[in-house]
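S.K.: This is final.txt (compact mmCIF, C-alpha atoms).
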# COMPACT_ATOMS: atom_id res chain seq x y z
CA MET A 717 165.14 66.11 81.25
CA LYS A 718 165.21 68.98 83.73
CA LYS A 719 165.07 71.39 80.85
CA TYR A 720 161.86 69.81 79.52
CA LEU A 721 160.36 69.71 82.99
CA SER A 722 160.85 73.46 83.37
CA TYR A 723 159.24 74.01 79.96
CA ILE A 724 156.27 71.84 80.91
CA LEU A 725 155.88 73.63 84.25
CA THR A 726 156.03 77.03 82.54
CA PHE A 727 153.46 75.88 80.00
CA LEU A 728 151.19 74.52 82.76
CA ALA A 729 151.48 77.76 84.75
CA GLY A 730 150.54 79.77 81.64
CA ALA A 731 147.63 77.44 80.87
CA GLY A 732 146.52 77.65 84.52
CA ILE A 733 146.46 81.44 84.37
CA LEU A 734 144.42 81.33 81.14
CA VAL A 735 141.95 78.85 82.67
CA LEU A 736 141.70 81.09 85.74
CA ALA A 737 141.04 84.10 83.53
CA PHE A 738 138.41 82.12 81.61
CA LEU A 739 136.69 81.04 84.82
CA GLN A 740 136.80 84.59 86.09
CA ARG A 741 135.08 85.80 82.90
CA LYS A 742 132.39 83.17 83.48
CA ASN A 743 132.05 84.33 87.07
CA ILE A 744 131.67 87.94 85.91
CA GLU A 745 128.96 86.88 83.46
CA LYS A 746 127.13 85.09 86.27
CA VAL A 747 127.42 88.12 88.56
CA LEU A 748 126.12 90.37 85.79
CA LYS A 749 123.16 88.03 85.26
CA ASP A 750 122.52 88.09 89.01
CA ASN A 751 122.77 91.85 88.85
CA ASP A 752 120.05 91.95 86.20
CA LYS A 753 117.87 89.70 88.36
CA VAL A 754 118.43 92.01 91.33
CA LYS A 755 117.47 95.00 89.17
CA GLU A 756 114.31 93.15 88.13
CA GLU A 757 113.47 92.36 91.74
CA LEU A 758 114.10 95.96 92.77
CA GLY A 759 111.80 97.06 89.97
CA LYS A 760 109.05 94.77 91.26
CA LYS A 761 109.48 96.12 94.76
CA ASP A 762 109.36 99.69 93.44
CA GLU A 763 106.12 98.82 91.67
CA ALA A 764 104.67 97.41 94.89
CA ILE A 765 105.77 100.53 96.79
CA ALA A 766 104.21 102.77 94.12
CA SER A 767 100.99 100.77 94.33
CA ASN A 768 100.97 101.10 98.13
CA ASN A 769 101.63 104.83 97.84
CA ALA A 770 98.71 105.16 95.43
CA SER A 771 96.51 103.32 97.95
CA LEU A 772 97.76 105.65 100.69
CA ASP A 773 96.82 108.68 98.59
CA GLN A 774 93.42 107.13 97.87
CA GLU A 775 92.87 106.50 101.58
CA GLU A 776 93.82 110.10 102.36
CA GLN A 777 91.34 111.34 99.77
CA LYS A 778 88.60 109.10 101.19
CA ARG A 779 89.26 110.51 104.68
CA GLN A 780 89.03 114.07 103.39
CA GLN A 781 85.85 113.22 101.51
CA ALA A 782 84.33 111.57 104.60
CA ALA A 783 85.27 114.58 106.74
CA THR A 784 83.66 116.94 104.22
CA GLU A 785 80.52 114.82 104.05
CA ALA A 786 80.31 114.61 107.84
CA GLU A 787 80.68 118.37 108.11
CA LYS A 788 78.02 118.87 105.45
CA LEU A 789 75.68 116.46 107.25
CA LYS A 790 76.23 118.23 110.56
CA ASN A 791 75.53 121.62 109.04
CA GLU A 792 72.48 120.67 107.06
CA LYS A 793 69.16 122.01 108.26
CA VAL A 794 67.52 119.40 110.45
CA ASP A 795 63.81 118.81 110.81
CA PRO A 796 62.03 116.04 112.70
CA ASN A 797 61.85 113.87 109.60
CA ASN A 798 65.51 113.79 108.78
CA ILE A 799 66.39 113.26 112.44
CA VAL A 800 64.06 110.26 112.52
CA ASP A 801 65.54 109.00 109.22
CA PHE A 802 69.02 109.46 110.54
CA PHE A 803 68.40 107.32 113.62
CA ASN A 804 66.45 104.67 111.72
CA GLN A 805 69.13 104.36 109.06
CA ARG A 806 71.72 103.57 111.72
CA LYS A 807 70.29 100.15 112.40
CA MET K 1329 54.95 124.35 125.33
CA ARG K 1330 56.17 124.25 121.74
CA LYS K 1331 58.79 121.77 122.46
CA LEU K 1332 58.68 118.79 120.14
CA ILE K 1333 59.47 115.46 121.53
CA LEU K 1334 61.44 112.69 119.95
CA THR K 1335 61.47 109.14 121.09
CA ILE K 1336 64.48 106.97 120.55
CA SER K 1337 63.66 103.44 121.38
CA LEU K 1338 66.32 101.26 122.86
CA ILE K 1339 64.08 98.79 124.58
CA SER K 1340 61.14 97.42 122.70
CA LEU K 1341 58.11 96.08 124.39
CA ILE K 1342 54.88 97.17 122.81
CA SER K 1343 54.28 97.86 119.18
CA ALA K 1344 51.26 99.68 117.90
CA SER K 1345 51.53 101.29 114.48
CA SER K 1346 55.32 101.40 114.32
CA ARG K 1347 57.90 98.73 114.98
CA ALA K 1348 59.40 98.74 118.44
CA ASP K 1349 62.92 99.32 117.09
CA ASP K 1350 61.94 102.36 115.03
CA VAL K 1351 62.60 105.87 116.13
CA VAL K 1352 59.40 107.86 115.95
CA TYR K 1353 58.55 111.50 116.11
CA LEU K 1354 55.93 112.38 118.71
CA THR K 1355 54.19 115.61 119.39
CA LYS K 1356 53.24 116.53 122.92
CA ASP K 1357 50.53 114.48 124.56
CA THR K 1358 50.62 111.88 121.78
CA PRO K 1359 50.49 108.38 123.23
CA SER K 1360 53.73 106.47 122.85
CA PRO K 1361 53.46 103.32 120.68
CA TYR K 1362 55.93 101.47 122.89
CA THR K 1363 58.05 101.88 125.98
CA GLY K 1364 61.28 103.71 125.28
CA TYR K 1365 63.37 106.80 125.97
CA LEU K 1366 62.12 110.28 125.26
CA PHE K 1367 64.54 112.99 124.20
CA PRO K 1368 63.84 116.69 123.78
CA GLU K 1369 64.42 117.87 120.20
CA GLU K 1370 67.60 119.76 121.00
CA LYS K 1371 69.07 116.76 122.75
CA ALA K 1372 68.23 114.59 119.74
CA LYS K 1373 69.98 117.08 117.46
CA LEU K 1374 73.01 117.04 119.74
CA ILE K 1375 73.07 113.24 119.76
CA ARG K 1376 72.76 113.23 115.98
CA THR K 1377 75.74 115.59 115.66
CA GLN K 1378 77.76 113.53 118.11
CA LEU K 1379 76.91 110.34 116.25
CA ILE K 1380 78.00 111.91 112.97
CA ASP K 1381 81.30 112.83 114.65
CA LEU K 1382 81.59 109.33 116.09
CA ASP K 1383 80.96 107.72 112.70
CA GLU K 1384 83.52 110.01 111.13
CA LEU K 1385 86.08 109.16 113.81
CA LYS K 1386 85.38 105.44 113.43
CA TYR K 1387 85.88 105.73 109.69
CA GLU K 1388 89.07 107.72 110.15
CA ASN K 1389 90.34 105.19 112.66
CA ALA K 1390 89.77 102.30 110.23
CA SER K 1391 91.27 104.31 107.39
CA PHE K 1392 94.36 105.25 109.42
CA GLN K 1393 94.75 101.60 110.39
CA LYS K 1394 94.77 100.71 106.69
CA SER K 1395 97.32 103.45 106.06
CA ILE K 1396 99.51 102.17 108.89
CA ASP K 1397 99.40 98.68 107.38
CA LEU K 1398 100.39 100.10 104.00
CA TYR K 1399 103.26 102.07 105.57
CA LYS K 1400 104.43 98.88 107.31
CA LYS K 1401 104.32 97.02 103.99
CA ASN K 1402 106.37 99.80 102.42
CA GLU K 1403 108.82 99.66 105.30
CA ASP K 1404 109.25 95.90 104.72
CA LEU K 1405 109.72 96.46 101.00
CA TYR K 1406 112.34 99.16 101.62
CA SER K 1407 114.18 96.85 104.06
CA GLN K 1408 114.14 94.07 101.46
CA LYS K 1409 115.49 96.50 98.88
CA VAL K 1410 118.30 97.60 101.20
CA ASN K 1411 119.20 93.95 101.93
CA LEU K 1412 119.18 93.07 98.24
CA LEU K 1413 121.38 96.04 97.41
CA LEU K 1414 123.82 95.32 100.25
CA ASP K 1415 124.07 91.68 99.22
CA GLN K 1416 124.57 92.55 95.56
CA ASN K 1417 127.09 95.23 96.46
CA ASN K 1418 129.13 92.65 98.41
CA LYS K 1419 129.01 90.27 95.44
CA LEU K 1420 130.13 93.00 93.06
CA VAL K 1421 132.97 94.10 95.35
CA ASP K 1422 134.10 90.48 95.66
CA THR K 1423 134.01 90.02 91.88
CA VAL K 1424 135.93 93.22 91.23
CA TYR K 1425 138.57 92.16 93.77
CA LYS K 1426 138.96 88.71 92.15
CA GLU K 1427 139.01 90.22 88.68
CA GLN K 1428 141.78 92.57 89.76
CA GLN K 1429 143.85 89.64 91.06
CA VAL K 1430 143.37 87.58 87.88
CA SER K 1431 144.04 90.63 85.77
CA ASN K 1432 147.42 91.12 87.53
CA LEU K 1433 148.31 87.48 86.90
CA GLU K 1434 147.29 87.84 83.25
CA LYS K 1435 149.44 90.95 82.90
CA ALA K 1436 152.37 89.12 84.45
CA MET K 1437 151.83 86.23 82.04
CA TRP K 1438 151.70 88.50 79.00
CA PHE K 1439 154.80 90.30 80.25
CA SER K 1440 156.62 86.94 80.55
CA ILE K 1441 155.49 85.95 77.05
CA GLY K 1442 156.84 89.30 75.82
CA VAL K 1443 160.20 88.70 77.53
CA ILE K 1444 160.41 85.18 76.09
CA ALA K 1445 159.45 86.37 72.61
CA THR K 1446 162.04 89.17 72.74
CA GLY K 1447 164.71 86.74 73.98
CA LEU K 1448 163.77 84.30 71.24
CA GLY K 1449 163.89 87.09 68.66
CA VAL K 1450 167.35 88.18 69.80
CA TYR K 1451 168.53 84.54 69.84
CA VAL K 1452 167.19 83.88 66.33
CA GLY K 1453 168.66 87.17 65.13
CA LYS K 1454 172.10 86.22 66.49
CA LYS K 1455 171.90 82.78 64.90
CA VAL K 1456 170.92 84.28 61.53
CA ALA K 1457 173.76 86.85 61.78
CA GLN K 1458 176.26 84.05 62.43
Represent the structure from my file as structure tokens, please.
M.R.:
Amino acid sequence: MKKYLSYILTFLAGAGILVLAFLQRKNIEKVLKDNDKVKEELGKKDEAIASNNASLDQEEQKRQQAATEAEKLKNEKVDPNNIVDFFNQRK
Amino acid sequence: MRKLILTISLISLISASSRADDVVYLTKDTPSPYTGYLFPEEKAKLIRTQLIDLDELKYENASFQKSIDLYKKNEDLYSQKVNLLLDQNNKLVDTVYKEQQVSNLEKAMWFSIGVIATGLGVYVGKKVAQ
């Protein structure tokens, strides 16, 4: 009887290890799937960052353009008419 | 005196030909269409230049505010990325550690199966030889 018991226990231990290995494989698959999701999320965030950076560049360009236009406006030859226009357009 | 005079109205009371909130150009001795402030031409030019600068600074201020908001958004996104990566890194480290443990057990099991198979082979060999 004892002999059979030891066989059964050995068999159960072996089966347990195989089940553990199987579960671990499943766990690895799940982690890899999660990893793909994380990559996807990182990609989305990179896209958002790139979009924000493009907006930042655009804003910088607008500032430069506005500065150039202001400088041009300041340096343009003024006569009474365009001074009057300037003030009236500010309303 | 050749000085030209410019009126900038800030207070409107009387309106003749022009509206009381219009800026009008007046030559000397011309009657004013409404009560207001009178600036010499040079002063008007100076005010114009200063207003252009002011407008430009206002625009820049608003634009920089937008840029600051965008930088803050980027900062948030980078923080989220760092958190995601740290979290995922922990998960991966944990998985690798577990996999290593199971792998050792598996190796031990296969080693035991090898020992048993060899023993069985020797036993069967002996029996056949007898």
S.K.: With only C-alpha atoms as the atoms that count, which of K:Leu1405, K:Leu1414, K:Ala1436, K:Leu1379 lies nearest to Lys760 of chain A?
M.R.: K:Leu1405
S.K.: Measure the distance from atom CA of Ser1391 of chain K to atom CA of Glu775 of chain A in Å and round it to one decimal.
M.R.: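 These atoms are spaced 6.4 Å apart.
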S.K.: Check the smallest atom-to-atom distance from each of A:Met717, A:Ile799, A:Lys753, A:Leu725 to Phe1367 of chain K using all atoms listed in the file, then report the winner.
M.R.: A:Ile799
S.K.: Using all atoms listed in the file, find each residue of chain K with at least one atom at most 9 Å away from an atom of chain A; report its shortest atom-to-atom pair and that distance in Å (one decimal), sort the rows by chain and rising residue number, and return the result as JSON lines.
M.R.:
{"residue": "K:Leu1332", "atom": "CA", "partner": "A:Pro796", "partner_atom": "CA", "distance": 8.6}
{"residue": "K:Leu1334", "atom": "CA", "partner": "A:Pro796", "partner_atom": "CA", "distance": 8.0}
{"residue": "K:Ile1336", "atom": "CA", "partner": "A:Phe803", "partner_atom": "CA", "distance": 8.0}
{"residue": "K:Asp1349", "atom": "CA", "partner": "A:Asn804", "partner_atom": "CA", "distance": 8.4}
{"residue": "K:Asp1350", "atom": "CA", "partner": "A:Asn804", "partner_atom": "CA", "distance": 6.1}
{"residue": "K:Val1351", "atom": "CA", "partner": "A:Val800", "partner_atom": "CA", "distance": 5.9}
{"residue": "K:Val1352", "atom": "CA", "partner": "A:Val800", "partner_atom": "CA", "distance": 6.3}
{"residue": "K:Tyr1353", "atom": "CA", "partner": "A:Pro796", "partner_atom": "CA", "distance": 6.7}
{"residue": "K:Glu1369", "atom": "CA", "partner": "A:Pro796", "partner_atom": "CA", "distance": 8.1}
{"residue": "K:Ala1372", "atom": "CA", "partner": "A:Ile799", "partner_atom": "CA", "distance": 7.6}
{"residue": "K:Lys1373", "atom": "CA", "partner": "A:Ile799", "partner_atom": "CA", "distance": 7.3}
{"residue": "K:Arg1376", "atom": "CA", "partner": "A:Ile799", "partner_atom": "CA", "distance": 7.3}
{"residue": "K:Thr1377", "atom": "CA", "partner": "A:Lys790", "partner_atom": "CA", "distance": 5.8}
{"residue": "K:Ile1380", "atom": "CA", "partner": "A:Ala786", "partner_atom": "CA", "distance": 6.2}
{"residue": "K:Asp1381", "atom": "CA", "partner": "A:Ala786", "partner_atom": "CA", "distance": 7.1}
{"residue": "K:Asp1383", "atom": "CA", "partner": "A:Ala786", "partner_atom": "CA", "distance": 8.5}
{"residue": "K:Glu1384", "atom": "CA", "partner": "A:Ala786", "partner_atom": "CA", "distance": 6.5}
{"residue": "K:Leu1385", "atom": "CA", "partner": "A:Ala783", "partner_atom": "CA", "distance": 8.9}
{"residue": "K:Tyr1387", "atom": "CA", "partner": "A:Arg779", "partner_atom": "CA", "distance": 7.7}
{"residue": "K:Glu1388", "atom": "CA", "partner": "A:Arg779", "partner_atom": "CA", "distance": 6.1}
{"residue": "K:Ser1391", "atom": "CA", "partner": "A:Glu775", "partner_atom": "CA", "distance": 6.4}
{"residue": "K:Phe1392", "atom": "CA", "partner": "A:Glu775", "partner_atom": "CA", "distance": 8.1}
{"residue": "K:Lys1394", "atom": "CA", "partner": "A:Glu775", "partner_atom": "CA", "distance": 8.0}
{"residue": "K:Ser1395", "atom": "CA", "partner": "A:Leu772", "partner_atom": "CA", "distance": 5.8}
{"residue": "K:Leu1398", "atom": "CA", "partner": "A:Asn768", "partner_atom": "CA", "distance": 6.0}
{"residue": "K:Tyr1399", "atom": "CA", "partner": "A:Asn768", "partner_atom": "CA", "distance": 7.8}
{"residue": "K:Lys1401", "atom": "CA", "partner": "A:Asn768", "partner_atom": "CA", "distance": 7.9}
{"residue": "K:Asn1402", "atom": "CA", "partner": "A:Ile765", "partner_atom": "CA", "distance": 5.7}
{"residue": "K:Leu1405", "atom": "CA", "partner": "A:Lys761", "partner_atom": "CA", "distance": 6.3}
{"residue": "K:Tyr1406", "atom": "CA", "partner": "A:Lys761", "partner_atom": "CA", "distance": 8.0}
{"residue": "K:Gln1408", "atom": "CA", "partner": "A:Lys761", "partner_atom": "CA", "distance": 8.4}
{"residue": "K:Lys1409", "atom": "CA", "partner": "A:Leu758", "partner_atom": "CA", "distance": 6.3}
{"residue": "K:Leu1412", "atom": "CA", "partner": "A:Val754", "partner_atom": "CA", "distance": 7.0}
{"residue": "K:Leu1413", "atom": "CA", "partner": "A:Val754", "partner_atom": "CA", "distance": 7.9}
{"residue": "K:Gln1416", "atom": "CA", "partner": "A:Asn751", "partner_atom": "CA", "distance": 7.0}
{"residue": "K:Lys1419", "atom": "CA", "partner": "A:Val747", "partner_atom": "CA", "distance": 7.4}
{"residue": "K:Leu1420", "atom": "CA", "partner": "A:Val747", "partner_atom": "CA", "distance": 7.2}
{"residue": "K:Thr1423", "atom": "CA", "partner": "A:Ile744", "partner_atom": "CA", "distance": 6.7}
{"residue": "K:Val1424", "atom": "CA", "partner": "A:Ile744", "partner_atom": "CA", "distance": 8.6}
{"residue": "K:Lys1426", "atom": "CA", "partner": "A:Gln740", "partner_atom": "CA", "distance": 7.6}
{"residue": "K:Glu1427", "atom": "CA", "partner": "A:Gln740", "partner_atom": "CA", "distance": 6.6}
{"residue": "K:Val1430", "atom": "CA", "partner": "A:Ala737", "partner_atom": "CA", "distance": 6.0}
{"residue": "K:Ser1431", "atom": "CA", "partner": "A:Ala737", "partner_atom": "CA", "distance": 7.5}
{"residue": "K:Leu1433", "atom": "CA", "partner": "A:Ile733", "partner_atom": "CA", "distance": 6.8}
{"residue": "K:Glu1434", "atom": "CA", "partner": "A:Ile733", "partner_atom": "CA", "distance": 6.6}
{"residue": "K:Met1437", "atom": "CA", "partner": "A:Gly730", "partner_atom": "CA", "distance": 6.6}
S.K.: Could you work out how far atom CA of Gly732 of chain A lies from atom CA of Ile1444 of chain K, giving the answer in Å with one decimal?
M.R.: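 Atom CA of Ile1444 of chain K sits 17.9 Å away from atom CA of Gly732 of chain A.
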S.K.: Taking every listed atom of segment 724-741 of chain A and adding 8 Å to each side, what centre and edge lengths in Å (one decimal) does the axis-aligned box have, as lines of an AutoDock Vina configuration file?
M.R.:
center_x = 145.7
center_y = 78.8
center_z = 83.0
size_x = 37.2
size_y = 30.0
size_z = 22.1
S.K.: For segment 1335-1432 of chain K of the structure just presented, write C-alpha atoms to a file, as a JSON list (two decimals), in the first residue's frame.
M.R.:
[["chain", "number", "residue", "atom", "x", "y", "z"],
["K", 1335, "THR", "CA", -8.34, 114.60, -31.36],
["K", 1336, "ILE", "CA", -8.83, 111.32, -29.63],
["K", 1337, "SER", "CA", -12.21, 111.20, -28.07],
["K", 1338, "LEU", "CA", -12.65, 109.34, -24.85],
["K", 1339, "ILE", "CA", -15.69, 111.15, -23.61],
["K", 1340, "SER", "CA", -18.51, 111.78, -26.01],
["K", 1341, "LEU", "CA", -20.95, 114.56, -25.57],
["K", 1342, "ILE", "CA", -21.74, 116.41, -28.74],
["K", 1343, "SER", "CA", -21.82, 114.99, -32.20],
["K", 1344, "ALA", "CA", -21.84, 117.11, -35.29],
["K", 1345, "SER", "CA", -20.68, 115.49, -38.52],
["K", 1346, "SER", "CA", -18.77, 112.63, -36.92],
["K", 1347, "ARG", "CA", -19.77, 110.18, -34.23],
["K", 1348, "ALA", "CA", -18.66, 111.07, -30.74],
["K", 1349, "ASP", "CA", -16.61, 107.88, -30.40],
["K", 1350, "ASP", "CA", -14.66, 108.45, -33.61],
["K", 1351, "VAL", "CA", -11.17, 109.78, -33.68],
["K", 1352, "VAL", "CA", -11.01, 112.74, -36.03],
["K", 1353, "TYR", "CA", -8.24, 114.70, -37.60],
["K", 1354, "LEU", "CA", -8.45, 118.45, -37.03],
["K", 1355, "THR", "CA", -6.41, 121.24, -38.45],
["K", 1356, "LYS", "CA", -5.69, 124.28, -36.36],
["K", 1357, "ASP", "CA", -8.61, 126.55, -35.55],
["K", 1358, "THR", "CA", -11.12, 123.99, -36.83],
["K", 1359, "PRO", "CA", -14.07, 123.73, -34.46],
["K", 1360, "SER", "CA", -14.20, 120.45, -32.58],
["K", 1361, "PRO", "CA", -17.31, 118.33, -33.33],
["K", 1362, "TYR", "CA", -17.48, 117.14, -29.73],
["K", 1363, "THR", "CA", -15.77, 117.49, -26.39],
["K", 1364, "GLY", "CA", -12.70, 115.31, -26.11],
["K", 1365, "TYR", "CA", -8.93, 115.21, -25.69],
["K", 1366, "LEU", "CA", -6.58, 116.91, -28.09],
["K", 1367, "PHE", "CA", -3.17, 115.43, -28.80],
["K", 1368, "PRO", "CA", -0.34, 116.96, -30.79],
["K", 1369, "GLU", "CA", 0.58, 114.87, -33.85],
["K", 1370, "GLU", "CA", 3.84, 113.62, -32.39],
["K", 1371, "LYS", "CA", 2.13, 112.51, -29.22],
["K", 1372, "ALA", "CA", -0.48, 110.66, -31.28],
["K", 1373, "LYS", "CA", 2.28, 108.89, -33.20],
["K", 1374, "LEU", "CA", 3.95, 107.95, -29.93],
["K", 1375, "ILE", "CA", 0.68, 106.62, -28.52],
["K", 1376, "ARG", "CA", 0.11, 104.66, -31.73],
["K", 1377, "THR", "CA", 3.56, 103.07, -31.45],
["K", 1378, "GLN", "CA", 3.02, 102.28, -27.79],
["K", 1379, "LEU", "CA", -0.37, 100.76, -28.54],
["K", 1380, "ILE", "CA", 1.17, 98.59, -31.25],
["K", 1381, "ASP", "CA", 3.74, 97.42, -28.69],
["K", 1382, "LEU", "CA", 1.00, 96.84, -26.13],
["K", 1383, "ASP", "CA", -1.07, 94.81, -28.59],
["K", 1384, "GLU", "CA", 1.98, 92.79, -29.49],
["K", 1385, "LEU", "CA", 2.77, 92.13, -25.83],
["K", 1386, "LYS", "CA", -0.84, 91.17, -25.13],
["K", 1387, "TYR", "CA", -0.76, 88.74, -28.02],
["K", 1388, "GLU", "CA", 2.57, 87.32, -26.89],
["K", 1389, "ASN", "CA", 1.25, 86.96, -23.36],
["K", 1390, "ALA", "CA", -1.79, 85.00, -24.55],
["K", 1391, "SER", "CA", 0.37, 82.93, -26.88],
["K", 1392, "PHE", "CA", 2.90, 82.13, -24.13],
["K", 1393, "GLN", "CA", 0.02, 81.16, -21.86],
["K", 1394, "LYS", "CA", -1.15, 78.70, -24.53],
["K", 1395, "SER", "CA", 2.40, 77.37, -24.83],
["K", 1396, "ILE", "CA", 2.65, 76.95, -21.06],
["K", 1397, "ASP", "CA", -0.60, 74.97, -21.09],
["K", 1398, "LEU", "CA", 0.74, 72.77, -23.87],
["K", 1399, "TYR", "CA", 4.01, 72.22, -21.97],
["K", 1400, "LYS", "CA", 1.99, 71.26, -18.88],
["K", 1401, "LYS", "CA", -0.04, 68.80, -20.94],
["K", 1402, "ASN", "CA", 3.20, 67.32, -22.26],
["K", 1403, "GLU", "CA", 4.57, 67.11, -18.75],
["K", 1404, "ASP", "CA", 1.45, 65.18, -17.67],
["K", 1405, "LEU", "CA", 1.76, 62.87, -20.66],
["K", 1406, "TYR", "CA", 5.43, 62.21, -19.91],
["K", 1407, "SER", "CA", 4.59, 61.46, -16.25],
["K", 1408, "GLN", "CA", 1.87, 59.05, -17.38],
["K", 1409, "LYS", "CA", 4.35, 57.38, -19.71],
["K", 1410, "VAL", "CA", 6.91, 57.01, -16.92],
["K", 1411, "ASN", "CA", 4.26, 55.52, -14.60],
["K", 1412, "LEU", "CA", 3.09, 53.10, -17.29],
["K", 1413, "LEU", "CA", 6.64, 52.00, -18.00],
["K", 1414, "LEU", "CA", 7.50, 51.58, -14.31],
["K", 1415, "ASP", "CA", 4.34, 49.56, -13.71],
["K", 1416, "GLN", "CA", 4.95, 47.38, -16.76],
["K", 1417, "ASN", "CA", 8.58, 46.94, -15.82],
["K", 1418, "ASN", "CA", 7.54, 45.67, -12.37],
["K", 1419, "LYS", "CA", 5.09, 43.24, -13.97],
["K", 1420, "LEU", "CA", 7.75, 41.96, -16.36],
["K", 1421, "VAL", "CA", 10.32, 41.55, -13.59],
["K", 1422, "ASP", "CA", 7.76, 39.66, -11.51],
["K", 1423, "THR", "CA", 6.90, 37.38, -14.44],
["K", 1424, "VAL", "CA", 10.54, 36.68, -15.22],
["K", 1425, "TYR", "CA", 11.17, 35.82, -11.56],
["K", 1426, "LYS", "CA", 8.18, 33.42, -11.45],
["K", 1427, "GLU", "CA", 9.15, 31.90, -14.79],
["K", 1428, "GLN", "CA", 12.64, 31.26, -13.47],
["K", 1429, "GLN", "CA", 11.23, 29.48, -10.40],
["K", 1430, "VAL", "CA", 8.87, 27.30, -12.46],
["K", 1431, "SER", "CA", 11.62, 26.62, -14.95],
["K", 1432, "ASN", "CA", 13.87, 25.30, -12.13]]
